[in-house]
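*Asks:* The structure under discussion is supplied below as structure tokens; questions concerning it will follow.
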Amino acid sequence: MTHDDRLSGVLANARVVFFDFDGPMCDVFAGLPAPKVAEQLTALLSSQDPAAGAKAAETDDPIEVLRIALEADAAIGQEVERALTEAEVEAVAVAGPPTPGAVEALQAARSSGRVVVVVSNNSADCVGRFVEAHGLGEHVAGIVGRPSGQPHLMKPNPYPLITAAEQVHMDVTHCTLIGDSLTDIQAAHAAGTTVIGYANKPHKAALFADAGANAITDDMQAIAEALIMA
């Protein structure tokens, strides 16, 4: 079975396509680097909880800083989450255009009679801003963003995928997720959906294969073409 056959085979049974946001749809922190945001969040956390701040200083992932903050203290975590959401909204405003092939994939999903829901560990606010700014709203039936104050419900927890399926009244097993991280693969397996690994960095293809992705591609345009063929 060829690379494209695997994509078409996975998508043939999918009535709903879940798009992860950061990667498959855009590069959220292309214009406002994630390490800079993580540093700002860590400084905020450190000012109120030095021990948690020290732990957060070991990562350059803003989402991980948020997890640490929320685990340390709910009230501080909420403050850090508000700051992260503001930074995400600022970031998508300067992130540049959608990922090459993403618009075509969204259009192909819709024109083939499928429903698209964006499922992200980023805030729903920033996803919505990006979708609106780039005129993608007609292709997107719903957005499931980060569960506020509940980091344990973010992917790899299947909760966002199950929630997305419920939004569009579809059995989650009739859905497929397109994601660019190991947590996407894990969340899909836990939810019972198929999953396409978008390997936007060279090392990811082997990682996704080992994790059991149903198909792997480094090209969103290939997903668009497979959606039309499937």
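Naming scheme: A, B, ... for chains in displayed order of the structure tokens; residues 1 onward per chain; ligands 1 onward as shown.
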Where does DSSP see helix (DSSP H, G or I) in stretch 28-229 of chain A, if you list the residues as a PyMOL selection string?
*Replies:* chain A and resi 34-48+50-56+62-72+74-93+102-111+124-133+137-139+151-153+159-167+172-174+182-191+204-211+220-229
*Asks:* Stretch 32-49 of chain A: which residues within 6 Å, counting only C-alpha atoms, same-chain residues fewer than 3 positions away excluded, as a ChimeraX atom specification?
*Replies:* /A:29,52-53,56,60-62,91
*Asks:* Residues at most 9 Å from A:Ala226, counting only C-alpha atoms, excluding those fewer than 5 positions away in the same chain, as a PyMOL selection string?
*Replies:* chain A and resi 4-5+7-9+11-12+105+108+221
*Asks:* Could you dump the residues just selected with C-alpha atoms as a PDB file, in the first residue's frame?
*Replies:*
ATOM      1  CA  ASP A   4      -1.313   8.089  -0.565  1.00  0.00           C
ATOM      2  CA  ASP A   5      -3.358   4.879  -0.376  1.00  0.00           C
ATOM      3  CA  LEU A   7      -4.210   8.412   3.667  1.00  0.00           C
ATOM      4  CA  SER A   8      -7.214   7.658   1.471  1.00  0.00           C
ATOM      5  CA  GLY A   9      -7.926   4.454   3.359  1.00  0.00           C
ATOM      6  CA  LEU A  11     -10.095   9.123   5.436  1.00  0.00           C
ATOM      7  CA  ALA A  12     -12.585   6.940   3.551  1.00  0.00           C
ATOM      8  CA  ALA A 105      -7.469  20.345   3.086  1.00  0.00           C
ATOM      9  CA  ALA A 108     -11.633  19.375   0.438  1.00  0.00           C
ATOM     10  CA  GLN A 221      -1.755  19.107   0.332  1.00  0.00           C
TER      11      GLN A 221
END
*Asks:* I'd like the contact shell of A:Val16 - 7 Å cut-off, only C-alpha atoms, skipping same-chain residues fewer than 2 positions apart - returned as a list in words.
*Replies:*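 Contacts, with the query itself left out: Ala14, Phe18, Arg114, Val115, Val116, His174, Cys175 and Thr176 of chain A.
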*Asks:* Find the spatial neighbours of A:Leu106, counting only C-alpha atoms, within a cut-off of 10 Å - ignore same-chain residues fewer than 4 positions away - and output them as a VMD selection string.
*Replies:* chain A and resid 17 19 25 101 to 102 110 to 111 114 to 117 136 138 to 140 220 223 to 224 227
*Asks:* How would the residues just picked look written out with N, CA, C and O atoms as an mmCIF file, in the first residue's frame?
*Replies:*
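Result file result23.cif:
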data_model
loop_
_atom_site.group_PDB
_atom_site.id
_atom_site.type_symbol
_atom_site.label_atom_id
_atom_site.label_comp_id
_atom_site.auth_asym_id
_atom_site.auth_seq_id
_atom_site.Cartn_x
_atom_site.Cartn_y
_atom_site.Cartn_z
ATOM 1 N N VAL A 17 -13.578 15.215 10.407
ATOM 2 C CA VAL A 17 -12.124 15.337 10.464
ATOM 3 C C VAL A 17 -11.769 16.363 11.535
ATOM 4 O O VAL A 17 -12.210 17.513 11.472
ATOM 5 N N PHE A 19 -9.008 18.649 13.088
ATOM 6 C CA PHE A 19 -7.720 19.276 12.779
ATOM 7 C C PHE A 19 -7.111 19.790 14.078
ATOM 8 O O PHE A 19 -7.722 20.622 14.762
ATOM 9 N N MET A 25 -2.738 23.477 10.904
ATOM 10 C CA MET A 25 -3.424 24.664 10.381
ATOM 11 C C MET A 25 -2.532 25.898 10.324
ATOM 12 O O MET A 25 -2.667 26.716 9.419
ATOM 13 N N GLY A 101 -1.131 24.022 2.222
ATOM 14 C CA GLY A 101 -2.023 22.885 2.012
ATOM 15 C C GLY A 101 -3.176 22.802 2.993
ATOM 16 O O GLY A 101 -4.135 22.050 2.762
ATOM 17 N N ALA A 102 -3.125 23.577 4.082
ATOM 18 C CA ALA A 102 -4.179 23.491 5.093
ATOM 19 C C ALA A 102 -5.519 23.994 4.570
ATOM 20 O O ALA A 102 -6.566 23.372 4.793
ATOM 21 N N ARG A 110 -14.755 19.831 3.414
ATOM 22 C CA ARG A 110 -16.122 20.358 3.313
ATOM 23 C C ARG A 110 -16.779 19.946 1.997
ATOM 24 O O ARG A 110 -17.943 19.517 1.965
ATOM 25 N N SER A 111 -16.041 20.076 0.896
ATOM 26 C CA SER A 111 -16.630 19.769 -0.413
ATOM 27 C C SER A 111 -16.926 18.278 -0.567
ATOM 28 O O SER A 111 -17.779 17.897 -1.371
ATOM 29 N N ARG A 114 -17.705 16.158 4.408
ATOM 30 C CA ARG A 114 -17.264 15.891 5.769
ATOM 31 C C ARG A 114 -17.381 17.164 6.623
ATOM 32 O O ARG A 114 -17.491 18.262 6.110
ATOM 33 N N VAL A 115 -17.341 16.951 7.918
ATOM 34 C CA VAL A 115 -17.419 18.047 8.873
ATOM 35 C C VAL A 115 -16.048 18.224 9.510
ATOM 36 O O VAL A 115 -15.367 17.237 9.829
ATOM 37 N N VAL A 116 -15.632 19.473 9.711
ATOM 38 C CA VAL A 116 -14.339 19.779 10.330
ATOM 39 C C VAL A 116 -14.555 20.410 11.698
ATOM 40 O O VAL A 116 -15.343 21.345 11.844
ATOM 41 N N VAL A 117 -13.846 19.882 12.688
ATOM 42 C CA VAL A 117 -13.785 20.507 14.008
ATOM 43 C C VAL A 117 -12.311 20.674 14.363
ATOM 44 O O VAL A 117 -11.522 19.740 14.208
ATOM 45 N N LEU A 136 -11.683 31.373 7.145
ATOM 46 C CA LEU A 136 -11.842 29.916 7.127
ATOM 47 C C LEU A 136 -13.119 29.446 7.810
ATOM 48 O O LEU A 136 -13.380 28.249 7.890
ATOM 49 N N GLU A 138 -16.237 29.286 7.095
ATOM 50 C CA GLU A 138 -17.224 28.472 6.385
ATOM 51 C C GLU A 138 -16.832 27.003 6.325
ATOM 52 O O GLU A 138 -17.672 26.142 6.084
ATOM 53 N N HIS A 139 -15.535 26.722 6.561
ATOM 54 C CA HIS A 139 -15.063 25.342 6.495
ATOM 55 C C HIS A 139 -15.017 24.659 7.870
ATOM 56 O O HIS A 139 -14.778 23.456 7.946
ATOM 57 N N VAL A 140 -15.192 25.426 8.927
ATOM 58 C CA VAL A 140 -15.003 24.909 10.292
ATOM 59 C C VAL A 140 -16.336 24.900 11.033
ATOM 60 O O VAL A 140 -16.944 25.950 11.261
ATOM 61 N N MET A 220 0.322 18.675 3.920
ATOM 62 C CA MET A 220 -1.114 18.866 4.082
ATOM 63 C C MET A 220 -1.840 18.836 2.735
ATOM 64 O O MET A 220 -3.025 18.468 2.665
ATOM 65 N N ILE A 223 -3.096 15.479 2.067
ATOM 66 C CA ILE A 223 -4.349 15.192 2.784
ATOM 67 C C ILE A 223 -5.538 15.755 1.991
ATOM 68 O O ILE A 223 -6.573 15.110 1.876
ATOM 69 N N ALA A 224 -5.361 16.950 1.440
ATOM 70 C CA ALA A 224 -6.424 17.535 0.615
ATOM 71 C C ALA A 224 -6.765 16.621 -0.553
ATOM 72 O O ALA A 224 -7.951 16.355 -0.834
ATOM 73 N N LEU A 227 -8.556 13.461 0.630
ATOM 74 C CA LEU A 227 -9.948 13.717 1.002
ATOM 75 C C LEU A 227 -10.855 13.713 -0.216
ATOM 76 O O LEU A 227 -12.001 13.234 -0.144
#
*Asks:* Find, counting only C-alpha atoms, the residue in A:Ser181, A:Asn200, A:Asn121, A:Ser148 that gets nearest to A:Leu161.
*Replies:* A:Asn121
*Asks:* Please return as a list in words: the residues of stretch 16-164 of chain A that backbone DSSP assigns to strand (DSSP E).
*Replies:* Val16, Val17, Phe18, Phe19, Val115, Val116, Val117, Val118, Val119, Gly142, Ile143 and Val144 of chain A
*Asks:* Atom CA of A:Gly23 to atom CA of A:Asp180: how many Å, to one decimal?
*Replies:*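 Between these atoms lies a distance of 6.0 Å.
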*Asks:* Find the residues near A:Gly128: any atom within 9 Å, counting only C-alpha atoms, skip ones fewer than 4 places away on the same chain, and give them as a ChimeraX atom specification.
*Replies:* /A:123-124,132-133,137,143
